[in-house]
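With mmCIF, C-alpha atoms inside, this is entry-v3.cif:
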data_target
#
loop_
_atom_site.group_PDB
_atom_site.id
_atom_site.type_symbol
_atom_site.label_atom_id
_atom_site.label_comp_id
_atom_site.auth_asym_id
_atom_site.auth_seq_id
_atom_site.Cartn_x
_atom_site.Cartn_y
_atom_site.Cartn_z
ATOM 1 C CA MET A 981 0.000 0.000 0.000
ATOM 2 C CA ALA A 982 1.166 3.551 -0.711
ATOM 3 C CA VAL A 983 -0.340 7.018 -0.370
ATOM 4 C CA GLY A 984 0.669 10.083 -2.366
ATOM 5 C CA VAL A 985 0.571 13.555 -0.830
ATOM 6 C CA VAL A 986 0.797 16.873 -2.649
ATOM 7 C CA GLU A 987 1.464 20.124 -0.794
ATOM 8 C CA SER A 988 -0.888 23.106 -0.958
ATOM 9 C CA GLU A 989 1.569 25.221 -2.991
ATOM 10 C CA THR A 990 1.632 22.574 -5.713
ATOM 11 C CA ILE A 991 -2.163 22.292 -5.719
ATOM 12 C CA ASP A 992 -2.406 26.058 -6.170
ATOM 13 C CA ARG A 993 0.116 25.954 -9.005
ATOM 14 C CA ILE A 994 -1.235 22.998 -11.039
ATOM 15 C CA ASN A 995 -4.915 22.739 -9.856
ATOM 16 C CA ILE A 996 -6.665 20.123 -7.725
ATOM 17 C CA LEU A 997 -7.274 17.600 -10.525
ATOM 18 C CA GLN A 998 -3.640 17.580 -11.673
ATOM 19 C CA ALA A 999 -2.512 17.436 -8.036
ATOM 20 C CA SER A 1000 -4.751 14.396 -7.468
ATOM 21 C CA LYS A 1001 -3.195 12.695 -10.483
ATOM 22 C CA LEU A 1002 0.279 13.577 -9.187
ATOM 23 C CA ALA A 1003 -0.566 12.039 -5.799
ATOM 24 C CA MET A 1004 -1.816 8.889 -7.554
ATOM 25 C CA LEU A 1005 1.387 8.738 -9.584
ATOM 26 C CA GLN A 1006 3.466 9.074 -6.409
ATOM 27 C CA ALA A 1007 1.467 6.276 -4.779
ATOM 28 C CA VAL A 1008 1.903 3.944 -7.768
ATOM 29 C CA ASN A 1009 5.631 4.689 -7.902
ATOM 30 C CA ASP A 1010 5.957 3.940 -4.166
ATOM 31 C CA LEU A 1011 4.281 0.520 -4.373
ATOM 32 C CA SER A 1012 6.576 -2.392 -3.577
ATOM 33 C CA VAL A 1013 4.820 -4.497 -6.243
ATOM 34 C CA ARG A 1014 3.901 -2.820 -9.522
ATOM 35 C CA PRO A 1015 0.320 -3.642 -10.584
ATOM 36 C CA ASP A 1016 -0.453 -4.999 -14.050
ATOM 37 C CA VAL A 1017 -3.309 -2.517 -14.508
ATOM 38 C CA LEU A 1018 -4.754 0.446 -12.613
ATOM 39 C CA LEU A 1019 -8.426 0.875 -11.864
ATOM 40 C CA LEU A 1020 -9.076 4.589 -11.441
ATOM 41 C CA ASP A 1021 -12.104 6.626 -10.465
ATOM 42 C CA ALA A 1022 -12.959 8.443 -13.728
ATOM 43 C CA VAL A 1023 -9.429 9.667 -14.544
ATOM 44 C CA THR A 1024 -6.275 8.500 -16.245
ATOM 45 C CA ILE A 1025 -2.731 9.435 -15.335
ATOM 46 C CA GLU A 1026 -1.354 10.592 -18.660
ATOM 47 C CA THR A 1027 2.285 10.515 -17.531
ATOM 48 C CA LEU A 1028 2.100 6.879 -16.418
ATOM 49 C CA GLU A 1029 2.798 4.290 -19.070
ATOM 50 C CA MET A 1030 0.793 1.284 -17.979
ATOM 51 C CA PRO A 1031 -2.706 -0.039 -18.632
ATOM 52 C CA GLN A 1032 -5.376 2.052 -16.887
ATOM 53 C CA ILE A 1033 -9.124 1.624 -16.659
ATOM 54 C CA PRO A 1034 -10.980 4.806 -15.703
ATOM 55 C CA LEU A 1035 -14.385 3.912 -14.263
ATOM 56 C CA ILE A 1036 -17.138 6.497 -13.901
ATOM 57 C CA GLN A 1037 -18.396 6.211 -10.297
ATOM 58 C CA GLY A 1038 -15.497 3.850 -9.729
ATOM 59 C CA ASP A 1039 -15.945 3.720 -5.964
ATOM 60 C CA ARG A 1040 -19.432 2.276 -6.541
ATOM 61 C CA ARG A 1041 -18.331 -0.169 -9.229
ATOM 62 C CA SER A 1042 -15.048 -1.500 -7.848
ATOM 63 C CA LEU A 1043 -14.221 -2.709 -4.354
ATOM 64 C CA SER A 1044 -10.566 -1.878 -5.012
ATOM 65 C CA ILE A 1045 -11.366 1.747 -5.829
ATOM 66 C CA ALA A 1046 -13.764 1.968 -2.874
ATOM 67 C CA ALA A 1047 -11.059 0.621 -0.550
ATOM 68 C CA ALA A 1048 -8.486 3.068 -1.936
ATOM 69 C CA SER A 1049 -10.963 5.904 -1.381
ATOM 70 C CA ILE A 1050 -11.413 4.876 2.251
ATOM 71 C CA VAL A 1051 -7.637 4.665 2.784
ATOM 72 C CA ALA A 1052 -7.218 8.143 1.256
ATOM 73 C CA LYS A 1053 -9.955 9.634 3.452
ATOM 74 C CA VAL A 1054 -8.585 8.053 6.641
ATOM 75 C CA TYR A 1055 -5.104 9.332 5.767
ATOM 76 C CA ARG A 1056 -6.534 12.809 5.073
ATOM 77 C CA ASP A 1057 -8.388 12.778 8.407
ATOM 78 C CA LEU A 1058 -5.192 11.858 10.282
ATOM 79 C CA LEU A 1059 -3.350 14.596 8.423
ATOM 80 C CA MET A 1060 -6.054 17.111 9.362
ATOM 81 C CA GLU A 1061 -5.731 16.072 13.019
ATOM 82 C CA SER A 1062 -1.976 16.694 12.870
ATOM 83 C CA TYR A 1063 -2.658 20.114 11.289
ATOM 84 C CA HIS A 1064 -5.087 20.826 14.140
ATOM 85 C CA GLU A 1065 -2.317 20.235 16.669
ATOM 86 C CA ARG A 1066 -0.110 22.737 14.847
ATOM 87 C CA TYR A 1067 -2.820 25.320 14.000
ATOM 88 C CA PRO A 1068 -5.649 24.803 16.545
ATOM 89 C CA VAL A 1069 -7.499 28.077 15.810
ATOM 90 C CA TYR A 1070 -8.671 26.631 12.464
ATOM 91 C CA ASP A 1071 -10.256 23.521 14.038
ATOM 92 C CA PHE A 1072 -8.830 21.264 11.326
ATOM 93 C CA LYS A 1073 -9.831 18.139 13.283
ATOM 94 C CA HIS A 1074 -13.462 18.869 12.419
ATOM 95 C CA ASN A 1075 -12.695 19.941 8.840
ATOM 96 C CA ARG A 1076 -12.754 16.709 6.860
ATOM 97 C CA GLY A 1077 -12.176 18.079 3.378
ATOM 98 C CA TYR A 1078 -15.006 20.585 3.623
ATOM 99 C CA ALA A 1079 -14.570 23.812 5.556
ATOM 100 C CA THR A 1080 -16.862 24.087 8.576
ATOM 101 C CA ASP A 1081 -18.490 27.362 9.602
ATOM 102 C CA GLY A 1082 -15.942 27.612 12.442
ATOM 103 C CA HIS A 1083 -13.078 27.122 10.025
ATOM 104 C CA GLN A 1084 -14.431 29.813 7.701
ATOM 105 C CA ALA A 1085 -14.810 32.181 10.667
ATOM 106 C CA ALA A 1086 -11.188 31.529 11.708
ATOM 107 C CA LEU A 1087 -10.051 32.297 8.157
ATOM 108 C CA LYS A 1088 -11.849 35.641 8.318
ATOM 109 C CA THR A 1089 -10.385 36.399 11.742
ATOM 110 C CA TYR A 1090 -6.813 35.132 11.366
ATOM 111 C CA GLY A 1091 -6.293 34.821 7.621
ATOM 112 C CA PRO A 1092 -4.748 31.691 6.112
ATOM 113 C CA CYS A 1093 -1.929 29.676 7.663
ATOM 114 C CA PRO A 1094 0.927 28.155 5.609
ATOM 115 C CA ILE A 1095 -0.957 24.935 4.783
ATOM 116 C CA HIS A 1096 -4.034 26.651 3.330
ATOM 117 C CA ARG A 1097 -4.500 26.433 -0.407
ATOM 118 C CA LYS A 1098 -4.634 30.004 -1.627
ATOM 119 C CA SER A 1099 -7.038 28.844 -4.361
ATOM 120 C CA PHE A 1100 -9.532 27.433 -1.814
ATOM 121 C CA GLU A 1101 -12.750 29.455 -1.547
ATOM 122 C CA GLY A 1102 -12.615 31.767 1.463
ATOM 123 C CA VAL A 1103 -8.821 31.940 1.712
ATOM 124 C CA GLU A 1104 -8.077 34.766 -0.708
ATOM 125 C CA GLU A 1105 -10.507 37.306 0.784
ATOM 126 C CA PRO A 1106 -8.741 37.704 4.196
ATOM 127 C CA ARG A 1107 -5.357 37.852 2.454
ATOM 128 C CA LEU A 1108 -6.592 40.730 0.307
ATOM 129 C CA LEU A 1109 -8.163 42.558 3.245
ATOM 130 C CA PHE A 1110 -5.455 42.069 5.856
ATOM 131 C CA GLY A 1111 -2.314 41.106 3.933
ATOM 132 C CA ASN A 1112 -1.775 37.995 6.036
ATOM 133 C CA SER A 1113 0.825 36.283 3.909
ATOM 134 C CA GLU A 1114 4.461 35.408 4.338
ATOM 135 C CA GLU A 1115 5.400 37.381 1.226
ATOM 136 C CA ASP A 1116 4.294 40.707 2.694
ATOM 137 C CA GLY A 1117 5.547 40.049 6.228
ATOM 138 C CA GLY A 1118 2.155 39.104 7.635
ATOM 139 C CA SER A 1119 1.529 36.417 10.175
ATOM 140 C CA THR A 1120 2.309 32.812 9.289
ATOM 141 C CA ARG A 1121 0.519 31.419 12.335
#

As structure tokens, what does this structure read like?
Amino acid sequence: MAVGVVESETIDRINILQASKLAMLQAVNDLSVRPDVLLLDAVTIETLEMPQIPLIQGDRRSLSIAAASIVAKVYRDLLMESYHERYPVYDFKHNRGYATDGHQAALKTYGPCPIHRKSFEGVEEPRLLFGNSEEDGGSTR
């Protein structure tokens, strides 16, 4: 088993879809046994030269894709809990991929922290209003 992780700066630079494909590529490259074919949820990884089967609603049609989705979500949740320990004002432990009202309120109050995707809805507005970014000497929380 392997999990790929892409940092927020990369997501902002290449977009969420390309970052997801990059994470999948990292995971495939980190596997100890190379699979004969990849089952993917509605995408293909263009830079990977191996047989791929993109399935629309793959997590409903393939137990392998459903299991991979669960592993990814559990990993994300653990990652969010570790972010919560580092940046508790954002309540990341309750933000499971979708910003809660409390998280949005913290963004408006404190601006983004270093792990926030600048392209995520709600992040850019406080940066524009308060200049809370590392580039302009603002807080990095």

### Task
Return the single residue from A:Ala1085, A:Val983, A:Val1017, A:Leu1011 that is closest to Glu1029 (chain A), with distances computed using only C-alpha atoms.
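That would be A:Val1017, the residue with the smallest distance to Glu1029 (chain A).
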
### Task
Work out how far apart CA of Thr1089 (chain A) and CA of Asp992 (chain A) are and give it in Å to one decimal.
22.2 Å

### Task
Run the PyMOL selection byres ((chain A and resi 1005) around 10) on the file and write out the hits as a PyMOL selection string.
chain A and resi 983-984+999-1004+1006-1010+1025-1028

#### Entry: Given only C-alpha atoms as the counted atoms, nearest of A:Glu989, A:Gln998, A:Ala1052, A:Ser1062 to Ile1095 (chain A)
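Closest candidate: A:Glu989.
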
### Query
So which residues fall inside 10 Å of (0.9, 24.0, -0.4) if we count only C-alpha atoms? Mind giving them as a PyMOL selection string?
chain A and resi 986-993+1094-1098

### Task
Expand the PyMOL selection byres ((chain A and resi 1045) around 12) into the individual residues it matches in the shown file, reporting them as JSON, numbers by chain.
{"A": [1018, 1019, 1020, 1021, 1022, 1023, 1033, 1034, 1035, 1036, 1037, 1038, 1039, 1040, 1041, 1042, 1043, 1044, 1046, 1047, 1048, 1049, 1050, 1051, 1052]}

Can you write region 983-1082 of chain A from the block above with C-alpha atoms, as a JSON list (two decimals), in the first residue's frame?
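Final output, selection.json:
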[["chain", "number", "residue", "atom", "x", "y", "z"],
["A", 983, "VAL", "CA", -0.34, 7.02, -0.37],
["A", 984, "GLY", "CA", 0.67, 10.08, -2.37],
["A", 985, "VAL", "CA", 0.57, 13.56, -0.83],
["A", 986, "VAL", "CA", 0.80, 16.87, -2.65],
["A", 987, "GLU", "CA", 1.46, 20.12, -0.79],
["A", 988, "SER", "CA", -0.89, 23.11, -0.96],
["A", 989, "GLU", "CA", 1.57, 25.22, -2.99],
["A", 990, "THR", "CA", 1.63, 22.57, -5.71],
["A", 991, "ILE", "CA", -2.16, 22.29, -5.72],
["A", 992, "ASP", "CA", -2.41, 26.06, -6.17],
["A", 993, "ARG", "CA", 0.12, 25.95, -9.01],
["A", 994, "ILE", "CA", -1.24, 23.00, -11.04],
["A", 995, "ASN", "CA", -4.92, 22.74, -9.86],
["A", 996, "ILE", "CA", -6.66, 20.12, -7.73],
["A", 997, "LEU", "CA", -7.27, 17.60, -10.52],
["A", 998, "GLN", "CA", -3.64, 17.58, -11.67],
["A", 999, "ALA", "CA", -2.51, 17.44, -8.04],
["A", 1000, "SER", "CA", -4.75, 14.40, -7.47],
["A", 1001, "LYS", "CA", -3.19, 12.69, -10.48],
["A", 1002, "LEU", "CA", 0.28, 13.58, -9.19],
["A", 1003, "ALA", "CA", -0.57, 12.04, -5.80],
["A", 1004, "MET", "CA", -1.82, 8.89, -7.55],
["A", 1005, "LEU", "CA", 1.39, 8.74, -9.58],
["A", 1006, "GLN", "CA", 3.47, 9.07, -6.41],
["A", 1007, "ALA", "CA", 1.47, 6.28, -4.78],
["A", 1008, "VAL", "CA", 1.90, 3.94, -7.77],
["A", 1009, "ASN", "CA", 5.63, 4.69, -7.90],
["A", 1010, "ASP", "CA", 5.96, 3.94, -4.17],
["A", 1011, "LEU", "CA", 4.28, 0.52, -4.37],
["A", 1012, "SER", "CA", 6.58, -2.39, -3.58],
["A", 1013, "VAL", "CA", 4.82, -4.50, -6.24],
["A", 1014, "ARG", "CA", 3.90, -2.82, -9.52],
["A", 1015, "PRO", "CA", 0.32, -3.64, -10.58],
["A", 1016, "ASP", "CA", -0.45, -5.00, -14.05],
["A", 1017, "VAL", "CA", -3.31, -2.52, -14.51],
["A", 1018, "LEU", "CA", -4.75, 0.45, -12.61],
["A", 1019, "LEU", "CA", -8.43, 0.87, -11.86],
["A", 1020, "LEU", "CA", -9.08, 4.59, -11.44],
["A", 1021, "ASP", "CA", -12.10, 6.63, -10.46],
["A", 1022, "ALA", "CA", -12.96, 8.44, -13.73],
["A", 1023, "VAL", "CA", -9.43, 9.67, -14.54],
["A", 1024, "THR", "CA", -6.28, 8.50, -16.24],
["A", 1025, "ILE", "CA", -2.73, 9.44, -15.34],
["A", 1026, "GLU", "CA", -1.35, 10.59, -18.66],
["A", 1027, "THR", "CA", 2.28, 10.51, -17.53],
["A", 1028, "LEU", "CA", 2.10, 6.88, -16.42],
["A", 1029, "GLU", "CA", 2.80, 4.29, -19.07],
["A", 1030, "MET", "CA", 0.79, 1.28, -17.98],
["A", 1031, "PRO", "CA", -2.71, -0.04, -18.63],
["A", 1032, "GLN", "CA", -5.38, 2.05, -16.89],
["A", 1033, "ILE", "CA", -9.12, 1.62, -16.66],
["A", 1034, "PRO", "CA", -10.98, 4.81, -15.70],
["A", 1035, "LEU", "CA", -14.38, 3.91, -14.26],
["A", 1036, "ILE", "CA", -17.14, 6.50, -13.90],
["A", 1037, "GLN", "CA", -18.40, 6.21, -10.30],
["A", 1038, "GLY", "CA", -15.50, 3.85, -9.73],
["A", 1039, "ASP", "CA", -15.95, 3.72, -5.96],
["A", 1040, "ARG", "CA", -19.43, 2.28, -6.54],
["A", 1041, "ARG", "CA", -18.33, -0.17, -9.23],
["A", 1042, "SER", "CA", -15.05, -1.50, -7.85],
["A", 1043, "LEU", "CA", -14.22, -2.71, -4.35],
["A", 1044, "SER", "CA", -10.57, -1.88, -5.01],
["A", 1045, "ILE", "CA", -11.37, 1.75, -5.83],
["A", 1046, "ALA", "CA", -13.76, 1.97, -2.87],
["A", 1047, "ALA", "CA", -11.06, 0.62, -0.55],
["A", 1048, "ALA", "CA", -8.49, 3.07, -1.94],
["A", 1049, "SER", "CA", -10.96, 5.90, -1.38],
["A", 1050, "ILE", "CA", -11.41, 4.88, 2.25],
["A", 1051, "VAL", "CA", -7.64, 4.66, 2.78],
["A", 1052, "ALA", "CA", -7.22, 8.14, 1.26],
["A", 1053, "LYS", "CA", -9.96, 9.63, 3.45],
["A", 1054, "VAL", "CA", -8.59, 8.05, 6.64],
["A", 1055, "TYR", "CA", -5.10, 9.33, 5.77],
["A", 1056, "ARG", "CA", -6.53, 12.81, 5.07],
["A", 1057, "ASP", "CA", -8.39, 12.78, 8.41],
["A", 1058, "LEU", "CA", -5.19, 11.86, 10.28],
["A", 1059, "LEU", "CA", -3.35, 14.60, 8.42],
["A", 1060, "MET", "CA", -6.05, 17.11, 9.36],
["A", 1061, "GLU", "CA", -5.73, 16.07, 13.02],
["A", 1062, "SER", "CA", -1.98, 16.69, 12.87],
["A", 1063, "TYR", "CA", -2.66, 20.11, 11.29],
["A", 1064, "HIS", "CA", -5.09, 20.83, 14.14],
["A", 1065, "GLU", "CA", -2.32, 20.24, 16.67],
["A", 1066, "ARG", "CA", -0.11, 22.74, 14.85],
["A", 1067, "TYR", "CA", -2.82, 25.32, 14.00],
["A", 1068, "PRO", "CA", -5.65, 24.80, 16.54],
["A", 1069, "VAL", "CA", -7.50, 28.08, 15.81],
["A", 1070, "TYR", "CA", -8.67, 26.63, 12.46],
["A", 1071, "ASP", "CA", -10.26, 23.52, 14.04],
["A", 1072, "PHE", "CA", -8.83, 21.26, 11.33],
["A", 1073, "LYS", "CA", -9.83, 18.14, 13.28],
["A", 1074, "HIS", "CA", -13.46, 18.87, 12.42],
["A", 1075, "ASN", "CA", -12.70, 19.94, 8.84],
["A", 1076, "ARG", "CA", -12.75, 16.71, 6.86],
["A", 1077, "GLY", "CA", -12.18, 18.08, 3.38],
["A", 1078, "TYR", "CA", -15.01, 20.59, 3.62],
["A", 1079, "ALA", "CA", -14.57, 23.81, 5.56],
["A", 1080, "THR", "CA", -16.86, 24.09, 8.58],
["A", 1081, "ASP", "CA", -18.49, 27.36, 9.60],
["A", 1082, "GLY", "CA", -15.94, 27.61, 12.44]]
